[in-house]
>>> print(open('protein.pdb').read())   # PDB, C-alpha atoms
ATOM      1  CA  MET Q   1     -15.683 -20.517 -12.089
ATOM      2  CA  ILE Q   2     -14.828 -24.133 -11.282
ATOM      3  CA  LEU Q   3     -11.640 -24.937 -13.144
ATOM      4  CA  LEU Q   4      -9.838 -28.211 -13.805
ATOM      5  CA  ALA Q   5      -6.065 -27.681 -13.949
ATOM      6  CA  ILE Q   6      -3.591 -30.216 -15.357
ATOM      7  CA  GLU Q   7       0.222 -30.263 -15.051
ATOM      8  CA  THR Q   8       2.549 -32.765 -16.792
ATOM      9  CA  SER Q   9       5.622 -30.707 -17.717
ATOM     10  CA  CYS Q  10       8.218 -33.076 -16.233
ATOM     11  CA  ASP Q  11       7.825 -36.056 -13.901
ATOM     12  CA  GLU Q  12       4.762 -35.149 -11.820
ATOM     13  CA  THR Q  13       1.286 -36.024 -13.089
ATOM     14  CA  ALA Q  14      -0.995 -33.529 -11.364
ATOM     15  CA  ALA Q  15      -4.613 -32.398 -11.503
ATOM     16  CA  ALA Q  16      -6.584 -30.000  -9.327
ATOM     17  CA  VAL Q  17     -10.058 -28.545  -9.092
ATOM     18  CA  VAL Q  18     -10.054 -24.885  -8.063
ATOM     19  CA  ARG Q  19     -12.922 -22.429  -7.589
ATOM     20  CA  ASP Q  20     -12.454 -18.822  -8.740
ATOM     21  CA  GLY Q  21      -8.686 -19.246  -8.980
ATOM     22  CA  ARG Q  22      -8.288 -19.192  -5.200
ATOM     23  CA  GLU Q  23     -10.160 -21.997  -3.435
ATOM     24  CA  VAL Q  24      -8.517 -25.401  -3.887
ATOM     25  CA  LEU Q  25     -11.231 -28.052  -3.846
ATOM     26  CA  SER Q  26      -8.757 -30.852  -4.585
ATOM     27  CA  SER Q  27      -5.143 -31.321  -5.593
ATOM     28  CA  VAL Q  28      -3.691 -34.672  -6.635
ATOM     29  CA  ILE Q  29      -0.052 -35.347  -7.552
ATOM     30  CA  SER Q  30       1.392 -38.642  -8.764
ATOM     31  CA  SER Q  31       5.175 -38.575  -8.437
ATOM     32  CA  GLN Q  32       7.660 -40.516 -10.557
ATOM     33  CA  VAL Q  33      10.669 -39.838  -8.322
ATOM     34  CA  ALA Q  34      11.140 -43.468  -7.283
ATOM     35  CA  ILE Q  35      11.114 -44.607 -10.924
ATOM     36  CA  HIS Q  36      13.703 -42.095 -12.137
ATOM     37  CA  ALA Q  37      15.926 -42.504  -9.071
ATOM     38  CA  ASP Q  38      17.412 -45.652 -10.583
ATOM     39  CA  TYR Q  39      18.682 -43.569 -13.509
ATOM     40  CA  GLY Q  40      19.982 -40.617 -11.481
ATOM     41  CA  GLY Q  41      17.627 -38.192 -13.222
ATOM     42  CA  VAL Q  42      14.456 -37.852 -15.272
ATOM     43  CA  VAL Q  43      14.312 -40.036 -18.395
ATOM     44  CA  PRO Q  44      11.964 -38.235 -20.840
ATOM     45  CA  GLU Q  45      10.571 -41.348 -22.542
ATOM     46  CA  ILE Q  46       9.821 -43.054 -19.235
ATOM     47  CA  ALA Q  47       8.221 -39.859 -17.925
ATOM     48  CA  SER Q  48       5.893 -39.670 -20.931
ATOM     49  CA  ARG Q  49       4.787 -43.283 -20.563
ATOM     50  CA  LYS Q  50       4.088 -42.884 -16.855
ATOM     51  CA  HIS Q  51       2.017 -39.766 -17.567
ATOM     52  CA  LEU Q  52      -0.065 -41.802 -20.016
ATOM     53  CA  GLU Q  53      -0.703 -44.407 -17.332
ATOM     54  CA  SER Q  54      -1.492 -41.900 -14.586
ATOM     55  CA  ILE Q  55      -3.333 -38.969 -16.172
ATOM     56  CA  VAL Q  56      -6.879 -40.366 -16.216
ATOM     57  CA  PRO Q  57      -6.731 -41.883 -12.698
ATOM     58  CA  VAL Q  58      -5.264 -38.636 -11.345
ATOM     59  CA  ILE Q  59      -8.018 -36.514 -12.933
ATOM     60  CA  ASN Q  60     -10.707 -38.907 -11.702
ATOM     61  CA  ARG Q  61      -9.252 -38.725  -8.183
ATOM     62  CA  ALA Q  62      -9.209 -34.902  -8.318
ATOM     63  CA  LEU Q  63     -12.890 -34.839  -9.328
ATOM     64  CA  HIS Q  64     -13.757 -37.379  -6.631
ATOM     65  CA  ASP Q  65     -11.902 -35.455  -3.923
ATOM     66  CA  ALA Q  66     -13.655 -32.239  -4.994
ATOM     67  CA  ALA Q  67     -16.997 -34.085  -4.830
ATOM     68  CA  ILE Q  68     -18.013 -32.932  -8.310
ATOM     69  CA  GLY Q  69     -18.645 -34.536 -11.673
ATOM     70  CA  MET Q  70     -17.169 -33.635 -15.046
ATOM     71  CA  ASP Q  71     -20.362 -31.719 -15.894
ATOM     72  CA  ALA Q  72     -19.631 -29.186 -13.132
ATOM     73  CA  LEU Q  73     -16.403 -28.001 -14.779
ATOM     74  CA  GLU Q  74     -16.522 -24.541 -16.369
ATOM     75  CA  GLY Q  75     -13.010 -24.401 -17.829
ATOM     76  CA  VAL Q  76      -9.713 -26.245 -18.227
ATOM     77  CA  ALA Q  77      -6.203 -24.841 -17.661
ATOM     78  CA  VAL Q  78      -3.080 -26.801 -18.576
ATOM     79  CA  THR Q  79       0.673 -26.342 -18.810
ATOM     80  CA  ARG Q  80       1.716 -25.644 -22.400
ATOM     81  CA  GLY Q  81       5.426 -25.276 -21.629
ATOM     82  CA  PRO Q  82       8.247 -25.121 -20.995
ATOM     83  CA  GLY Q  83       9.060 -28.740 -20.229
ATOM     84  CA  LEU Q  84       9.631 -32.148 -21.815
ATOM     85  CA  SER Q  85       7.721 -32.333 -25.098
ATOM     86  CA  GLY Q  86       6.378 -35.864 -24.650
ATOM     87  CA  ALA Q  87       5.325 -35.189 -21.081
ATOM     88  CA  LEU Q  88       3.634 -31.908 -21.984
ATOM     89  CA  LEU Q  89       1.715 -33.532 -24.828
ATOM     90  CA  VAL Q  90      -0.008 -35.984 -22.497
ATOM     91  CA  GLY Q  91      -1.585 -33.362 -20.268
ATOM     92  CA  PHE Q  92      -2.182 -30.931 -23.123
ATOM     93  CA  SER Q  93      -3.991 -33.497 -25.271
ATOM     94  CA  VAL Q  94      -6.223 -34.645 -22.427
ATOM     95  CA  ALA Q  95      -7.047 -31.051 -21.449
ATOM     96  CA  LYS Q  96      -8.064 -30.188 -25.020
ATOM     97  CA  ALA Q  97     -10.116 -33.376 -25.300
ATOM     98  CA  ILE Q  98     -12.043 -32.567 -22.111
ATOM     99  CA  ALA Q  99     -12.640 -28.969 -23.233
ATOM    100  CA  ALA Q 100     -13.873 -30.087 -26.660
ATOM    101  CA  ALA Q 101     -16.089 -32.866 -25.316
ATOM    102  CA  ARG Q 102     -17.638 -30.727 -22.575
ATOM    103  CA  LYS Q 103     -17.760 -27.577 -24.764
ATOM    104  CA  ILE Q 104     -15.999 -25.484 -22.122
ATOM    105  CA  PRO Q 105     -13.160 -22.957 -22.596
ATOM    106  CA  PHE Q 106      -9.539 -24.070 -22.542
ATOM    107  CA  VAL Q 107      -6.458 -22.004 -21.685
ATOM    108  CA  ALA Q 108      -2.768 -22.806 -22.027
ATOM    109  CA  VAL Q 109      -0.594 -21.569 -19.155
ATOM    110  CA  HIS Q 110       3.149 -21.026 -18.819
ATOM    111  CA  HIS Q 111       4.538 -23.393 -16.177
ATOM    112  CA  THR Q 112       6.448 -20.604 -14.422
ATOM    113  CA  GLU Q 113       3.299 -18.461 -14.247
ATOM    114  CA  GLY Q 114       1.849 -21.103 -11.997
ATOM    115  CA  HIS Q 115       4.802 -20.852  -9.623
ATOM    116  CA  LEU Q 116       4.611 -17.041  -9.640
ATOM    117  CA  PHE Q 117       1.033 -17.036  -8.413
ATOM    118  CA  ALA Q 118       1.057 -20.083  -6.112
ATOM    119  CA  PRO Q 119       1.069 -17.838  -2.995
ATOM    120  CA  MET Q 120      -2.297 -16.398  -4.091
ATOM    121  CA  LEU Q 121      -3.912 -19.744  -3.276
ATOM    122  CA  GLU Q 122      -3.186 -18.904   0.370
ATOM    123  CA  GLN Q 123      -3.382 -15.105   0.588
ATOM    124  CA  PRO Q 124      -3.750 -12.016  -1.637
ATOM    125  CA  VAL Q 125      -0.605 -10.605  -3.234
ATOM    126  CA  ALA Q 126      -0.911  -7.104  -4.681
ATOM    127  CA  PHE Q 127       0.775  -6.037  -7.912
ATOM    128  CA  PRO Q 128       3.475  -5.133  -8.694
ATOM    129  CA  PHE Q 129       5.915  -7.511  -7.035
ATOM    130  CA  LEU Q 130       9.347  -9.018  -7.529
ATOM    131  CA  ALA Q 131       9.462 -12.792  -7.937
ATOM    132  CA  LEU Q 132      12.361 -15.188  -7.461
ATOM    133  CA  VAL Q 133      11.511 -18.513  -9.095
ATOM    134  CA  VAL Q 134      13.970 -21.228  -8.078
ATOM    135  CA  SER Q 135      13.639 -24.841  -9.210
ATOM    136  CA  GLY Q 136      15.469 -27.654 -10.950
ATOM    137  CA  GLY Q 137      15.005 -25.952 -14.304
ATOM    138  CA  HIS Q 138      14.704 -22.255 -13.465
ATOM    139  CA  THR Q 139      16.459 -19.568 -11.469
ATOM    140  CA  HIS Q 140      14.881 -16.288 -12.578
ATOM    141  CA  LEU Q 141      14.033 -12.881 -11.156
ATOM    142  CA  TYR Q 142      10.894 -11.281 -12.605
ATOM    143  CA  HIS Q 143       9.220  -7.935 -12.195
ATOM    144  CA  VAL Q 144       5.524  -8.873 -12.184
ATOM    145  CA  ALA Q 145       3.266  -5.931 -13.108
ATOM    146  CA  GLY Q 146       0.140  -8.073 -13.509
ATOM    147  CA  PHE Q 147      -1.115 -11.290 -15.056
ATOM    148  CA  GLY Q 148       0.737 -11.777 -18.323
ATOM    149  CA  HIS Q 149       3.000  -8.773 -17.763
ATOM    150  CA  TYR Q 150       6.479  -9.936 -16.785
ATOM    151  CA  THR Q 151       9.947  -8.475 -17.207
ATOM    152  CA  THR Q 152      13.000 -10.673 -16.648
ATOM    153  CA  LEU Q 153      15.526  -8.903 -14.434
ATOM    154  CA  GLY Q 154      17.942 -11.804 -13.987
ATOM    155  CA  ARG Q 155      18.417 -15.451 -14.869
ATOM    156  CA  THR Q 156      20.963 -18.226 -14.546
ATOM    157  CA  ILE Q 157      23.490 -18.345 -17.354
ATOM    158  CA  ASP Q 158      24.173 -22.059 -16.810
ATOM    159  CA  ASP Q 159      22.773 -24.452 -14.195
ATOM    160  CA  ALA Q 160      19.596 -23.692 -12.268
ATOM    161  CA  ALA Q 161      19.977 -23.705  -8.486
ATOM    162  CA  GLY Q 162      17.932 -26.890  -8.069
ATOM    163  CA  GLU Q 163      19.966 -28.594 -10.775
ATOM    164  CA  ALA Q 164      23.174 -27.626  -8.967
ATOM    165  CA  TYR Q 165      21.804 -29.130  -5.751
ATOM    166  CA  ASP Q 166      21.000 -32.442  -7.439
ATOM    167  CA  LYS Q 167      24.329 -32.583  -9.310
ATOM    168  CA  CYS Q 168      26.347 -31.873  -6.164
ATOM    169  CA  ALA Q 169      24.365 -34.530  -4.313
ATOM    170  CA  LYS Q 170      25.225 -36.987  -7.067
ATOM    171  CA  ILE Q 171      28.912 -36.023  -6.842
ATOM    172  CA  MET Q 172      28.745 -36.803  -3.128
ATOM    173  CA  GLY Q 173      27.189 -40.202  -3.799
ATOM    174  CA  MET Q 174      23.678 -39.342  -2.594
ATOM    175  CA  PRO Q 175      20.518 -40.773  -4.180
ATOM    176  CA  TYR Q 176      18.452 -38.773  -6.679
ATOM    177  CA  PRO Q 177      16.937 -36.281  -6.093
ATOM    178  CA  GLY Q 178      19.451 -35.055  -3.549
ATOM    179  CA  GLY Q 179      18.443 -31.431  -2.972
ATOM    180  CA  ALA Q 180      16.277 -32.149   0.055
ATOM    181  CA  LEU Q 181      18.949 -34.405   1.550
ATOM    182  CA  ILE Q 182      21.585 -31.674   1.207
ATOM    183  CA  ASP Q 183      19.237 -29.292   3.032
ATOM    184  CA  GLN Q 184      18.712 -31.846   5.786
ATOM    185  CA  MET Q 185      22.431 -32.564   6.210
ATOM    186  CA  ALA Q 186      23.317 -28.871   6.052
ATOM    187  CA  GLN Q 187      21.422 -28.278   9.276
ATOM    188  CA  ASN Q 188      23.998 -30.462  11.084
ATOM    189  CA  GLY Q 189      27.056 -28.910   9.451
ATOM    190  CA  ASN Q 190      29.207 -25.790   9.719
ATOM    191  CA  PRO Q 191      28.447 -23.357   6.845
ATOM    192  CA  ASP Q 192      31.855 -21.723   7.294
ATOM    193  CA  ALA Q 193      33.829 -24.980   7.256
ATOM    194  CA  ILE Q 194      34.697 -24.841   3.550
ATOM    195  CA  ARG Q 195      35.180 -21.660   1.542
ATOM    196  CA  LEU Q 196      33.351 -22.086  -1.755
ATOM    197  CA  PRO Q 197      33.167 -19.478  -4.555
ATOM    198  CA  ARG Q 198      30.266 -17.108  -5.197
ATOM    199  CA  PRO Q 199      30.233 -16.852  -9.030
ATOM    200  CA  MET Q 200      29.123 -13.493 -10.488
ATOM    201  CA  LEU Q 201      28.439 -12.120  -7.013
ATOM    202  CA  ARG Q 202      29.677  -8.622  -7.850
ATOM    203  CA  ASP Q 203      29.293  -8.482 -11.632
ATOM    204  CA  GLY Q 204      26.764  -5.651 -11.503
ATOM    205  CA  THR Q 205      23.874  -7.734 -12.893
ATOM    206  CA  CYS Q 206      20.998  -9.727 -11.418
ATOM    207  CA  ASN Q 207      22.109 -12.877 -13.264
ATOM    208  CA  PHE Q 208      23.182 -16.109 -11.584
ATOM    209  CA  SER Q 209      25.800 -18.789 -12.221
ATOM    210  CA  PHE Q 210      26.072 -22.078 -10.345
ATOM    211  CA  SER Q 211      28.296 -24.144 -12.641
ATOM    212  CA  GLY Q 212      31.522 -22.924 -11.033
ATOM    213  CA  LEU Q 213      30.172 -23.665  -7.580
ATOM    214  CA  LYS Q 214      29.357 -27.213  -8.645
ATOM    215  CA  THR Q 215      32.887 -27.613 -10.032
ATOM    216  CA  ALA Q 216      34.367 -26.329  -6.772
ATOM    217  CA  VAL Q 217      32.455 -29.020  -4.852
ATOM    218  CA  LEU Q 218      33.805 -31.674  -7.220
ATOM    219  CA  GLN Q 219      37.382 -30.438  -6.812
ATOM    220  CA  HIS Q 220      37.025 -30.358  -3.032
ATOM    221  CA  ILE Q 221      35.792 -33.960  -2.940
ATOM    222  CA  GLN Q 222      38.646 -35.077  -5.187
ATOM    223  CA  LYS Q 223      41.122 -33.655  -2.636
ATOM    224  CA  HIS Q 224      39.104 -34.371   0.499
ATOM    225  CA  PRO Q 225      36.788 -37.391   0.024
ATOM    226  CA  VAL Q 226      33.669 -37.364   2.192
ATOM    227  CA  THR Q 227      31.516 -40.173   3.542
ATOM    228  CA  VAL Q 228      27.731 -39.917   3.618
ATOM    229  CA  PRO Q 229      26.541 -39.799   6.323
ATOM    230  CA  GLY Q 230      29.390 -38.126   8.167
ATOM    231  CA  ARG Q 231      30.598 -34.883   9.708
ATOM    232  CA  ASP Q 232      32.673 -33.900   6.675
ATOM    233  CA  ALA Q 233      29.686 -34.425   4.392
ATOM    234  CA  ASP Q 234      27.487 -32.332   6.698
ATOM    235  CA  ASP Q 235      30.030 -29.499   6.598
ATOM    236  CA  LEU Q 236      30.269 -29.643   2.799
ATOM    237  CA  CYS Q 237      26.473 -29.594   2.463
ATOM    238  CA  ALA Q 238      26.224 -26.646   4.845
ATOM    239  CA  SER Q 239      28.984 -24.757   3.031
ATOM    240  CA  PHE Q 240      27.394 -25.431  -0.369
ATOM    241  CA  GLN Q 241      23.965 -24.342   0.838
ATOM    242  CA  GLU Q 242      25.419 -21.200   2.368
ATOM    243  CA  ALA Q 243      27.040 -20.293  -0.974
ATOM    244  CA  VAL Q 244      23.816 -20.866  -2.931
ATOM    245  CA  CYS Q 245      21.651 -18.921  -0.492
ATOM    246  CA  HIS Q 246      24.205 -16.102  -0.369
ATOM    247  CA  LEU Q 247      24.078 -15.779  -4.159
ATOM    248  CA  LEU Q 248      20.290 -15.937  -4.326
ATOM    249  CA  ALA Q 249      19.875 -13.364  -1.560
ATOM    250  CA  ALA Q 250      22.489 -10.971  -2.946
ATOM    251  CA  LYS Q 251      21.006 -10.958  -6.451
ATOM    252  CA  THR Q 252      17.476 -10.655  -5.091
ATOM    253  CA  GLU Q 253      18.527  -7.683  -2.974
ATOM    254  CA  ALA Q 254      20.055  -6.050  -6.064
ATOM    255  CA  ALA Q 255      16.784  -6.535  -7.956
ATOM    256  CA  ILE Q 256      14.729  -5.164  -5.043
ATOM    257  CA  ARG Q 257      16.850  -2.017  -4.998
ATOM    258  CA  GLN Q 258      16.802  -1.746  -8.804
ATOM    259  CA  ILE Q 259      13.005  -1.563  -9.089
ATOM    260  CA  GLY Q 260      12.146  -0.342  -5.597
ATOM    261  CA  ALA Q 261      10.118  -3.470  -4.855
ATOM    262  CA  THR Q 262       8.016  -3.586  -1.697
ATOM    263  CA  ARG Q 263       6.774  -7.172  -2.161
ATOM    264  CA  LEU Q 264       8.743 -10.341  -2.895
ATOM    265  CA  VAL Q 265       7.430 -13.744  -3.977
ATOM    266  CA  VAL Q 266       9.798 -16.715  -3.660
ATOM    267  CA  ALA Q 267       8.485 -19.815  -5.438
ATOM    268  CA  GLY Q 268       9.487 -23.043  -7.170
ATOM    269  CA  GLY Q 269      10.725 -26.358  -5.815
ATOM    270  CA  VAL Q 270      13.817 -24.898  -4.123
ATOM    271  CA  ALA Q 271      11.554 -22.524  -2.164
ATOM    272  CA  CYS Q 272      11.040 -25.542   0.130
ATOM    273  CA  ASN Q 273      14.671 -25.247   1.198
ATOM    274  CA  SER Q 274      14.934 -24.253   4.855
ATOM    275  CA  GLY Q 275      18.129 -22.263   4.334
ATOM    276  CA  LEU Q 276      16.627 -20.210   1.514
ATOM    277  CA  ARG Q 277      13.384 -19.545   3.391
ATOM    278  CA  SER Q 278      15.347 -18.338   6.415
ATOM    279  CA  ARG Q 279      17.660 -16.151   4.318
ATOM    280  CA  MET Q 280      14.765 -14.513   2.455
ATOM    281  CA  LYS Q 281      12.934 -13.743   5.709
ATOM    282  CA  GLU Q 282      16.110 -12.120   6.997
ATOM    283  CA  LEU Q 283      16.582 -10.111   3.785
ATOM    284  CA  CYS Q 284      12.992  -8.868   3.670
ATOM    285  CA  GLY Q 285      13.085  -7.984   7.354
ATOM    286  CA  LYS Q 286      16.197  -5.890   6.764
ATOM    287  CA  LEU Q 287      14.742  -4.076   3.739
ATOM    288  CA  GLY Q 288      11.167  -3.738   4.976
ATOM    289  CA  VAL Q 289       9.816  -5.832   2.091
ATOM    290  CA  GLU Q 290       6.689  -7.988   2.380
ATOM    291  CA  LEU Q 291       7.565 -11.650   1.751
ATOM    292  CA  PHE Q 292       5.326 -14.323   0.237
ATOM    293  CA  ILE Q 293       6.510 -17.951   0.157
ATOM    294  CA  PRO Q 294       3.897 -20.657  -0.483
ATOM    295  CA  HIS Q 295       3.470 -23.709   1.695
ATOM    296  CA  PRO Q 296       5.937 -26.458   0.658
ATOM    297  CA  SER Q 297       3.054 -28.425  -0.894
ATOM    298  CA  LEU Q 298       2.630 -25.564  -3.394
ATOM    299  CA  CYS Q 299       6.342 -25.038  -4.104
ATOM    300  CA  GLY Q 300       6.951 -28.143  -6.199
ATOM    301  CA  ASP Q 301       5.153 -28.889  -9.466
ATOM    302  CA  ASN Q 302       1.414 -29.060  -8.918
ATOM    303  CA  ALA Q 303      -1.716 -28.299 -10.905
ATOM    304  CA  ALA Q 304      -3.525 -26.031  -8.431
ATOM    305  CA  MET Q 305      -1.067 -23.196  -9.050
ATOM    306  CA  LEU Q 306      -2.034 -23.098 -12.750
ATOM    307  CA  ALA Q 307      -5.614 -22.251 -11.836
ATOM    308  CA  VAL Q 308      -4.670 -18.785 -10.560
ATOM    309  CA  PRO Q 309      -3.563 -17.350 -13.930
ATOM    310  CA  GLY Q 310      -5.913 -19.759 -15.733
ATOM    311  CA  ASP Q 311      -8.959 -18.349 -13.968
ATOM    312  CA  TYR Q 312      -7.838 -14.782 -14.693
ATOM    313  CA  TYR Q 313      -7.326 -15.444 -18.404
ATOM    314  CA  LEU Q 314     -10.613 -17.244 -18.924
ATOM    315  CA  SER Q 315     -12.546 -14.684 -16.888
ATOM    316  CA  ASN Q 316     -11.124 -11.950 -19.113
ATOM    317  CA  GLY Q 317     -11.864 -13.691 -22.400
ATOM    318  CA  HIS Q 318      -8.379 -15.047 -23.149
ATOM    319  CA  VAL Q 319      -9.293 -18.501 -24.479
ATOM    320  CA  SER Q 320      -6.681 -20.660 -26.225
ATOM    321  CA  SER Q 321      -7.332 -22.309 -29.565
ATOM    322  CA  LEU Q 322      -7.709 -26.076 -29.589
ATOM    323  CA  SER Q 323      -5.258 -26.099 -32.505
ATOM    324  CA  LEU Q 324      -2.474 -24.797 -30.218
ATOM    325  CA  ASP Q 325       0.541 -27.058 -29.616
ATOM    326  CA  VAL Q 326       2.978 -27.450 -26.724
ATOM    327  CA  THR Q 327       6.337 -25.701 -26.604
ATOM    328  CA  THR Q 328       9.487 -26.863 -24.833
ATOM    329  CA  THR Q 329      10.764 -23.272 -24.573
ATOM    330  CA  TRP Q 330       8.632 -20.215 -23.926
ATOM    331  CA  ASN Q 331       9.848 -16.718 -23.046
ATOM    332  CA  MET Q 332       7.817 -15.251 -20.178
ATOM    333  CA  ASP Q 333       8.430 -11.715 -21.456
ATOM    334  CA  SER Q 334       6.476 -12.519 -24.648
ATOM    335  CA  ILE Q 335       3.251 -13.677 -22.955
ATOM    336  CA  LYS Q 336       1.727 -10.178 -22.893
ATOM    337  CA  GLU Q 337       1.963 -10.053 -26.709
ATOM    338  CA  SER Q 338      -0.372 -13.048 -27.028
ATOM    339  CA  LEU Q 339      -2.907 -11.366 -24.725
ATOM    340  CA  SER Q 340      -3.125  -8.064 -26.614
TER     341      SER Q 340
END
>>> encode(input="protein.pdb", output="structure tokens")
Amino acid sequence: MILLAIETSCDETAAAVVRDGREVLSSVISSQVAIHADYGGVVPEIASRKHLESIVPVINRALHDAAIGMDALEGVAVTRGPGLSGALLVGFSVAKAIAAARKIPFVAVHHTEGHLFAPMLEQPVAFPFLALVVSGGHTHLYHVAGFGHYTTLGRTIDDAAGEAYDKCAKIMGMPYPGGALIDQMAQNGNPDAIRLPRPMLRDGTCNFSFSGLKTAVLQHIQKHPVTVPGRDADDLCASFQEAVCHLLAAKTEAAIRQIGATRLVVAGGVACNSGLRSRMKELCGKLGVELFIPHPSLCGDNAAMLAVPGDYYLSNGHVSSLSLDVTTTWNMDSIKESLS
């Protein structure tokens, strides 16, 4: 099956053409980072308008790069949610229009499902597995028994890890988005220079909390101002990253032991982080667990990742109705109910 996948959940307009849910024929992403940087974060109305401007050119580029025409498409997969409603509607409406006009099946996919299965675009991953999805909007641990069959083992009770990175970068006076810059500066700093808290580290659950860590960074800067770039800023970045990675690794280890997992997928935008990738390799080496982390190009929001579950659903007769609407919130645990 040759599938067109479309992603517009936040501030990336993306389209991809994928064969059989595994072979990426093209993947195009139009980023809005430079536009939203002036505002220190994503502005929903601006994001929606930029998606409207970019969606058709991005799809046309994806088809061109794949060297196929619209008539070669056999299905369309698109993000239904969660995300910004206006942004989601752009991609969702275009996907339904293409499916209706070409008379091909259409399937709505959960955004996080795409991240879960992104590694399968590079190599097979057998079920079941444990997945840590870490991004600007999500920090969740899932037991993945199969496509559509997910159990949430842990989640953040406040800020997502990626959100905490960007907020701490803003506190330090760095440009948006600051997560990658913190990672870069952390490599020059001392991770033991500043003792920062590890919220909920030993609470007996697999849940996360990053709000208190963010507050601790703010309080430290109020007492000990830092200059970016500078040695003190490098040390603070390294200490912050060490705290985040410690929390993520500790909770992931607890989940591995809880379900007896032998495979771990780490995905989402923060999976690009060098500190996290190193810590997860160390953890899996210690526990004898097989680790799957996608290439950085597949960690952030992209459309190709949606084609993995999209291909499975369409191949197994799970076609979405063209009357379906987007949703800004969508519980992963409930997806299996819609497939039964």
>>> atom_distance(input="protein.pdb", atom1="CA of Met1 (chain Q)", atom2="CA of Phe92 (chain Q)")
20.3 Å
>>> closest_residue(input="protein.pdb", among="Q:Ala67, Q:Val217, Q:Leu153, Q:Leu201", to="Lys167 (chain Q)", atoms="all atoms listed in the file")
Q:Val217
>>> atom_distance(input="protein.pdb", atom1="CA of Arg202 (chain Q)", atom2="CA of Asn188 (chain Q)")
29.5 Å
>>> resolve_selection(input="protein.pdb", expression="the PyMOL selection byres ((chain Q and resi 71-78) around 7)", output="JSON, numbers by chain")
{"Q": [1, 2, 3, 4, 5, 6, 7, 68, 69, 70, 79, 80, 91, 92, 95, 99, 104, 105, 106, 107, 108, 109, 306, 307, 310]}
>>> resolve_selection(input="protein.pdb", expression="the PyMOL selection byres ((chain Q and resi 147) around 10)", output="number ranges by chain")
Q: 113, 116-117, 127-128, 144-146, 148-150, 308-310, 312-313, 335-336, 339
>>> resolve_selection(input="protein.pdb", expression="the PyMOL selection byres ((chain Q and resi 51-62) around 6)", output="PDB file with C-alpha atoms, in the coordinates of the input")
ATOM      1  CA  THR Q  13       1.286 -36.024 -13.089  1.00  0.00           C
ATOM      2  CA  ALA Q  15      -4.613 -32.398 -11.503  1.00  0.00           C
ATOM      3  CA  ALA Q  16      -6.584 -30.000  -9.327  1.00  0.00           C
ATOM      4  CA  SER Q  26      -8.757 -30.852  -4.585  1.00  0.00           C
ATOM      5  CA  VAL Q  28      -3.691 -34.672  -6.635  1.00  0.00           C
ATOM      6  CA  SER Q  48       5.893 -39.670 -20.931  1.00  0.00           C
ATOM      7  CA  ARG Q  49       4.787 -43.283 -20.563  1.00  0.00           C
ATOM      8  CA  LYS Q  50       4.088 -42.884 -16.855  1.00  0.00           C
ATOM      9  CA  LEU Q  63     -12.890 -34.839  -9.328  1.00  0.00           C
ATOM     10  CA  HIS Q  64     -13.757 -37.379  -6.631  1.00  0.00           C
ATOM     11  CA  ASP Q  65     -11.902 -35.455  -3.923  1.00  0.00           C
TER      12      ASP Q  65
END
>>> closest_atom_pairs(input="protein.pdb", of="region 61-134 of chain Q", to="region 31-45 of chain Q", cutoff="9 Å", atoms="all atoms listed in the file", output="JSON lines")
{"residue": "Q:Leu84", "atom": "CA", "partner": "Q:Pro44", "partner_atom": "CA", "distance": 6.6}
{"residue": "Q:Ser85", "atom": "CA", "partner": "Q:Pro44", "partner_atom": "CA", "distance": 8.4}
{"residue": "Q:Gly86", "atom": "CA", "partner": "Q:Pro44", "partner_atom": "CA", "distance": 7.2}
{"residue": "Q:Ala87", "atom": "CA", "partner": "Q:Pro44", "partner_atom": "CA", "distance": 7.3}
>>> residues_near_point(input="protein.pdb", point="(2.1, -17.5, 3.2)", cutoff="10 Å", atoms="all atoms listed in the file", output="PDB file with C-alpha atoms, in the frame of the given file")
ATOM      1  CA  ALA Q 118       1.057 -20.083  -6.112  1.00  0.00           C
ATOM      2  CA  PRO Q 119       1.069 -17.838  -2.995  1.00  0.00           C
ATOM      3  CA  MET Q 120      -2.297 -16.398  -4.091  1.00  0.00           C
ATOM      4  CA  LEU Q 121      -3.912 -19.744  -3.276  1.00  0.00           C
ATOM      5  CA  GLU Q 122      -3.186 -18.904   0.370  1.00  0.00           C
ATOM      6  CA  GLN Q 123      -3.382 -15.105   0.588  1.00  0.00           C
ATOM      7  CA  PRO Q 124      -3.750 -12.016  -1.637  1.00  0.00           C
ATOM      8  CA  VAL Q 125      -0.605 -10.605  -3.234  1.00  0.00           C
ATOM      9  CA  VAL Q 265       7.430 -13.744  -3.977  1.00  0.00           C
ATOM     10  CA  LEU Q 291       7.565 -11.650   1.751  1.00  0.00           C
ATOM     11  CA  PHE Q 292       5.326 -14.323   0.237  1.00  0.00           C
ATOM     12  CA  ILE Q 293       6.510 -17.951   0.157  1.00  0.00           C
ATOM     13  CA  PRO Q 294       3.897 -20.657  -0.483  1.00  0.00           C
ATOM     14  CA  HIS Q 295       3.470 -23.709   1.695  1.00  0.00           C
TER      15      HIS Q 295
END
>>> residues_around(input="protein.pdb", residues="region 204-213 of chain Q", least_positions_apart="2", cutoff="10 Å", atoms="all atoms listed in the file", output="PyMOL selection string")
chain Q and resi 139-141+152-165+167-168+196-202+215-219+240+243-244+247-248+250-255+258
>>> atom_distance(input="protein.pdb", atom1="CA of Gln187 (chain Q)", atom2="CA of Ala238 (chain Q)")
6.7 Å
>>> axis_aligned_box(input="protein.pdb", around="region 26-40 of chain Q", padding_each_side="3 Å", output="AutoDock Vina command-line options")
--center_x 5.6 --center_y -38.3 --center_z -9.0 --size_x 34.7 --size_y 20.8 --size_z 14.9
>>> residues_near_point(input="protein.pdb", point="(-5.1, -25.8, -1.7)", cutoff="9 Å", atoms="only C-alpha atoms", output="list of chain:residue names")
Q:Ala16, Q:Val18, Q:Arg22, Q:Glu23, Q:Val24, Q:Leu25, Q:Ser26, Q:Ser27, Q:Leu121, Q:Glu122, Q:Ser297, Q:Leu298, Q:Ala304, Q:Met305
